[in-house]
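Note: the block below is model_33.pdb and it holds PDB, C-alpha atoms, pLDDT in the B column.
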ATOM      1  CA  MET A   1     116.177 172.726-105.233  1.00 88.00           C
ATOM      2  CA  ASN A   2     114.817 170.193-107.689  1.00 91.00           C
ATOM      3  CA  LYS A   3     113.064 172.924-109.701  1.00 93.00           C
ATOM      4  CA  PHE A   4     116.285 174.950-109.854  1.00 92.00           C
ATOM      5  CA  CYS A   5     118.383 171.996-111.032  1.00 91.00           C
ATOM      6  CA  ARG A   6     115.869 171.071-113.709  1.00 93.00           C
ATOM      7  CA  GLU A   7     115.693 174.625-115.061  1.00 94.00           C
ATOM      8  CA  PHE A   8     119.447 175.140-114.810  1.00 93.00           C
ATOM      9  CA  TYR A   9     120.841 171.848-116.166  1.00 92.00           C
ATOM     10  CA  GLY A  10     117.844 170.351-117.982  1.00 94.00           C
ATOM     11  CA  TYR A  11     116.428 166.875-117.458  1.00 94.00           C
ATOM     12  CA  GLU A  12     115.184 163.739-119.137  1.00 93.00           C
ATOM     13  CA  SER A  13     111.416 163.441-119.165  1.00 93.00           C
ATOM     14  CA  LYS A  14     109.408 160.274-119.774  1.00 91.00           C
ATOM     15  CA  SER A  15     105.839 159.871-120.972  1.00 91.00           C
ATOM     16  CA  ASN A  16     103.402 157.037-121.556  1.00 89.00           C
ATOM     17  CA  TYR A  17     104.805 154.961-118.674  1.00 86.00           C
ATOM     18  CA  GLY A  18     108.407 155.335-119.818  1.00 83.00           C
ATOM     19  CA  ARG A  19     107.788 154.368-123.427  1.00 90.00           C
ATOM     20  CA  TYR A  20     108.952 157.752-124.714  1.00 93.00           C
ATOM     21  CA  THR A  21     111.838 159.771-123.366  1.00 94.00           C
ATOM     22  CA  TYR A  22     112.914 163.224-124.367  1.00 93.00           C
ATOM     23  CA  TRP A  23     115.269 165.883-123.075  1.00 94.00           C
ATOM     24  CA  LYS A  24     113.936 169.128-121.574  1.00 94.00           C
ATOM     25  CA  LYS A  25     116.451 171.867-122.283  1.00 95.00           C
ATOM     26  CA  GLY A  26     118.082 173.707-119.385  1.00 94.00           C
ATOM     27  CA  PHE A  27     119.439 177.237-119.065  1.00 94.00           C
ATOM     28  CA  LEU A  28     123.106 176.204-119.355  1.00 92.00           C
ATOM     29  CA  GLU A  29     122.584 174.601-122.745  1.00 91.00           C
ATOM     30  CA  ASP A  30     122.303 178.040-124.374  1.00 89.00           C
ATOM     31  CA  PHE A  31     126.034 178.766-124.089  1.00 88.00           C
ATOM     32  CA  PRO A  32     129.338 176.915-123.519  1.00 91.00           C
ATOM     33  CA  TYR A  33     130.687 176.526-119.996  1.00 90.00           C
ATOM     34  CA  ILE A  34     133.315 174.651-117.994  1.00 91.00           C
ATOM     35  CA  LYS A  35     132.590 173.160-114.589  1.00 90.00           C
ATOM     36  CA  PRO A  36     136.030 172.610-112.967  1.00 89.00           C
ATOM     37  CA  LEU A  37     134.700 172.044-109.434  1.00 90.00           C
ATOM     38  CA  ARG A  38     131.376 171.493-107.746  1.00 91.00           C
ATOM     39  CA  GLY A  39     129.599 174.836-107.538  1.00 88.00           C
ATOM     40  CA  VAL A  40     132.039 176.560-109.925  1.00 91.00           C
ATOM     41  CA  LEU A  41     131.215 177.561-113.493  1.00 91.00           C
ATOM     42  CA  VAL A  42     133.469 179.223-116.050  1.00 92.00           C
ATOM     43  CA  VAL A  43     131.580 181.037-118.810  1.00 92.00           C
ATOM     44  CA  ARG A  44     132.363 183.601-121.457  1.00 91.00           C
ATOM     45  CA  GLU A  45     132.333 187.191-120.307  1.00 90.00           C
ATOM     46  CA  GLU A  46     129.441 188.088-122.615  1.00 91.00           C
ATOM     47  CA  ASN A  47     127.295 185.305-121.064  1.00 91.00           C
ATOM     48  CA  ALA A  48     128.081 186.185-117.457  1.00 92.00           C
ATOM     49  CA  ASP A  49     125.327 188.791-117.035  1.00 94.00           C
ATOM     50  CA  SER A  50     122.528 186.443-118.082  1.00 94.00           C
ATOM     51  CA  LEU A  51     123.897 183.675-115.837  1.00 94.00           C
ATOM     52  CA  VAL A  52     124.165 185.987-112.834  1.00 95.00           C
ATOM     53  CA  SER A  53     120.628 187.302-113.341  1.00 95.00           C
ATOM     54  CA  PHE A  54     119.277 183.730-113.550  1.00 94.00           C
ATOM     55  CA  LEU A  55     121.049 182.801-110.314  1.00 94.00           C
ATOM     56  CA  HIS A  56     119.856 185.965-108.557  1.00 94.00           C
ATOM     57  CA  ASP A  57     116.270 184.962-109.380  1.00 94.00           C
ATOM     58  CA  TYR A  58     116.849 181.926-107.151  1.00 92.00           C
ATOM     59  CA  LYS A  59     118.636 184.026-104.516  1.00 93.00           C
ATOM     60  CA  ALA A  60     121.863 182.082-105.024  1.00 92.00           C
ATOM     61  CA  GLU A  61     125.149 183.299-103.586  1.00 92.00           C
ATOM     62  CA  VAL A  62     127.210 184.454-106.583  1.00 93.00           C
ATOM     63  CA  TYR A  63     130.859 185.488-106.883  1.00 94.00           C
ATOM     64  CA  VAL A  64     132.160 186.780-110.215  1.00 94.00           C
ATOM     65  CA  ARG A  65     135.864 186.746-111.046  1.00 92.00           C
ATOM     66  CA  ARG A  66     137.994 187.126-114.145  1.00 92.00           C
ATOM     67  CA  ILE A  67     140.412 184.274-114.641  1.00 89.00           C
ATOM     68  CA  VAL A  68     143.282 183.356-116.945  1.00 90.00           C
ATOM     69  CA  LEU A  69     142.355 180.370-119.099  1.00 88.00           C
ATOM     70  CA  GLU A  70     144.626 177.630-120.353  1.00 89.00           C
ATOM     71  CA  GLU A  71     144.663 176.637-124.021  1.00 90.00           C
ATOM     72  CA  SER A  72     142.361 173.625-123.488  1.00 88.00           C
ATOM     73  CA  ASP A  73     139.838 175.805-121.633  1.00 86.00           C
ATOM     74  CA  ILE A  74     139.827 178.353-124.448  1.00 87.00           C
ATOM     75  CA  GLU A  75     138.979 175.608-126.934  1.00 88.00           C
ATOM     76  CA  LYS A  76     136.137 174.251-124.758  1.00 86.00           C
ATOM     77  CA  LEU A  77     134.550 177.691-124.549  1.00 86.00           C
ATOM     78  CA  GLY A  78     134.909 178.169-128.310  1.00 84.00           C
ATOM     79  CA  LEU A  79     136.963 181.331-128.011  1.00 80.00           C
ATOM     80  CA  LYS A  80     139.529 180.266-130.599  1.00 72.00           C
TER      81      LYS A  80
END

Output the file's structure in the form of structure tokens.
Amino acid sequence: MNKFCREFYGYESKSNYGRYTYWKKGFLEDFPYIKPLRGVLVVREENADSLVSFLHDYKAEVYVRRIVLEESDIEKLGLK
């Protein structure tokens, strides 16, 4: 689970006994998303296939739906 979370969300890494810190990029940083609830992600339709294939690699249970977005959600996803 820890490996999945690190690859999916990214993580802060430290070296030289905490003297240096840097951010390791995660999968979700490649495209915009909204996380309205725990375990729920809203992504653009063109990014959905890559997200689903990443989750299938970890044998995650995935449900894909089309939803109607509000104006604030459209702005967060950069669709306008």

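Using the PyMOL selection byres ((chain A and resi 42) around 9) on the file at hand returns these residues: Pro32, Tyr33, Ile34, Lys35, Pro36, Val40, Leu41, Val43, Arg44, Ala48, Ile67 and Leu77 of chain A.
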
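When the PyMOL selection byres ((chain A and resi 10) around 6) is run on the displayed coordinates, the residues it returns are Arg6, Glu7, Phe8, Tyr9, Tyr11, Lys24, Lys25 and Gly26 of chain A.
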
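Between CA of Leu51 in chain A and CA of Leu28 in chain A there is a distance of 8.3 Å.
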
Selection result of the PyMOL selection byres ((chain A and resi 12) around 6) on this file, as a list in words: Tyr11, Ser13, Tyr22 and Trp23 of chain A

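Here CA of Asp57 in chain A stands at a distance of 12.8 Å from CA of Phe27 in chain A.
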
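The space separating CA of Met1 in chain A from CA of Asp30 in chain A comes to 20.8 Å.
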
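Take the candidates A:Glu45, A:Gly18, A:Leu37, A:Glu29 and check each one against Arg66 in chain A using all atoms listed in the file; the shortest distance goes to A:Glu45.
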
Mind giving me the axis-aligned box for range 71-78 of chain A with 3 Å on every side, centre plus edges in Å to one decimal, as AutoDock Vina command-line options?
--center_x 139.6 --center_y 176.0 --center_z -125.0 --size_x 16.1 --size_y 10.7 --size_z 12.7

Can you work out which one of A:Leu79, A:Ile74, A:Ala60, A:Leu69 has the shortest atom-to-atom distance to Gly39 in chain A, counting all atoms listed in the file? A:Ala60

Final N, CA and C atoms of range 32-56 of chain A as a CSV table (one decimal), in the coordinates of the input:
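For reference, rebuild32.csv as written:
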chain,number,residue,atom,x,y,z
A,32,PRO,N,128.3,177.8,-124.0
A,32,PRO,CA,129.3,176.9,-123.5
A,32,PRO,C,129.8,177.3,-122.1
A,33,TYR,N,130.2,176.3,-121.3
A,33,TYR,CA,130.7,176.5,-120.0
A,33,TYR,C,131.6,175.4,-119.6
A,34,ILE,N,132.4,175.6,-118.6
A,34,ILE,CA,133.3,174.7,-118.0
A,34,ILE,C,133.0,174.6,-116.5
A,35,LYS,N,132.9,173.4,-116.0
A,35,LYS,CA,132.6,173.2,-114.6
A,35,LYS,C,133.8,172.5,-113.9
A,36,PRO,N,134.8,173.2,-113.5
A,36,PRO,CA,136.0,172.6,-113.0
A,36,PRO,C,135.8,172.0,-111.6
A,37,LEU,N,135.0,172.5,-110.8
A,37,LEU,CA,134.7,172.0,-109.4
A,37,LEU,C,133.2,172.1,-109.2
A,38,ARG,N,132.8,171.4,-108.1
A,38,ARG,CA,131.4,171.5,-107.7
A,38,ARG,C,131.0,172.9,-107.3
A,39,GLY,N,130.0,173.5,-107.9
A,39,GLY,CA,129.6,174.8,-107.5
A,39,GLY,C,130.4,175.9,-108.2
A,40,VAL,N,131.2,175.6,-109.2
A,40,VAL,CA,132.0,176.6,-109.9
A,40,VAL,C,131.8,176.4,-111.4
A,41,LEU,N,131.4,177.5,-112.0
A,41,LEU,CA,131.2,177.6,-113.5
A,41,LEU,C,132.1,178.6,-114.1
A,42,VAL,N,132.7,178.3,-115.3
A,42,VAL,CA,133.5,179.2,-116.0
A,42,VAL,C,132.7,179.4,-117.3
A,43,VAL,N,132.3,180.7,-117.6
A,43,VAL,CA,131.6,181.0,-118.8
A,43,VAL,C,132.3,182.2,-119.5
A,44,ARG,N,131.8,182.4,-120.7
A,44,ARG,CA,132.4,183.6,-121.5
A,44,ARG,C,131.9,184.9,-120.8
A,45,GLU,N,132.7,185.9,-120.9
A,45,GLU,CA,132.3,187.2,-120.3
A,45,GLU,C,131.0,187.7,-120.8
A,46,GLU,N,130.7,187.6,-122.1
A,46,GLU,CA,129.4,188.1,-122.6
A,46,GLU,C,128.2,187.3,-122.1
A,47,ASN,N,128.4,186.1,-121.6
A,47,ASN,CA,127.3,185.3,-121.1
A,47,ASN,C,127.1,185.4,-119.6
A,48,ALA,N,128.1,186.1,-118.9
A,48,ALA,CA,128.1,186.2,-117.5
A,48,ALA,C,126.9,186.9,-116.9
A,49,ASP,N,126.5,188.0,-117.6
A,49,ASP,CA,125.3,188.8,-117.0
A,49,ASP,C,124.0,188.0,-117.0
A,50,SER,N,123.8,187.2,-118.1
A,50,SER,CA,122.5,186.4,-118.1
A,50,SER,C,122.6,185.3,-117.0
A,51,LEU,N,123.7,184.7,-116.9
A,51,LEU,CA,123.9,183.7,-115.8
A,51,LEU,C,123.7,184.2,-114.4
A,52,VAL,N,124.3,185.4,-114.2
A,52,VAL,CA,124.2,186.0,-112.8
A,52,VAL,C,122.7,186.4,-112.6
A,53,SER,N,122.0,186.9,-113.6
A,53,SER,CA,120.6,187.3,-113.3
A,53,SER,C,119.7,186.1,-113.1
A,54,PHE,N,120.0,185.0,-113.8
A,54,PHE,CA,119.3,183.7,-113.6
A,54,PHE,C,119.5,183.2,-112.1
A,55,LEU,N,120.7,183.3,-111.7
A,55,LEU,CA,121.0,182.8,-110.3
A,55,LEU,C,120.5,183.7,-109.2
A,56,HIS,N,120.4,185.0,-109.5
A,56,HIS,CA,119.9,186.0,-108.6
A,56,HIS,C,118.3,185.8,-108.4
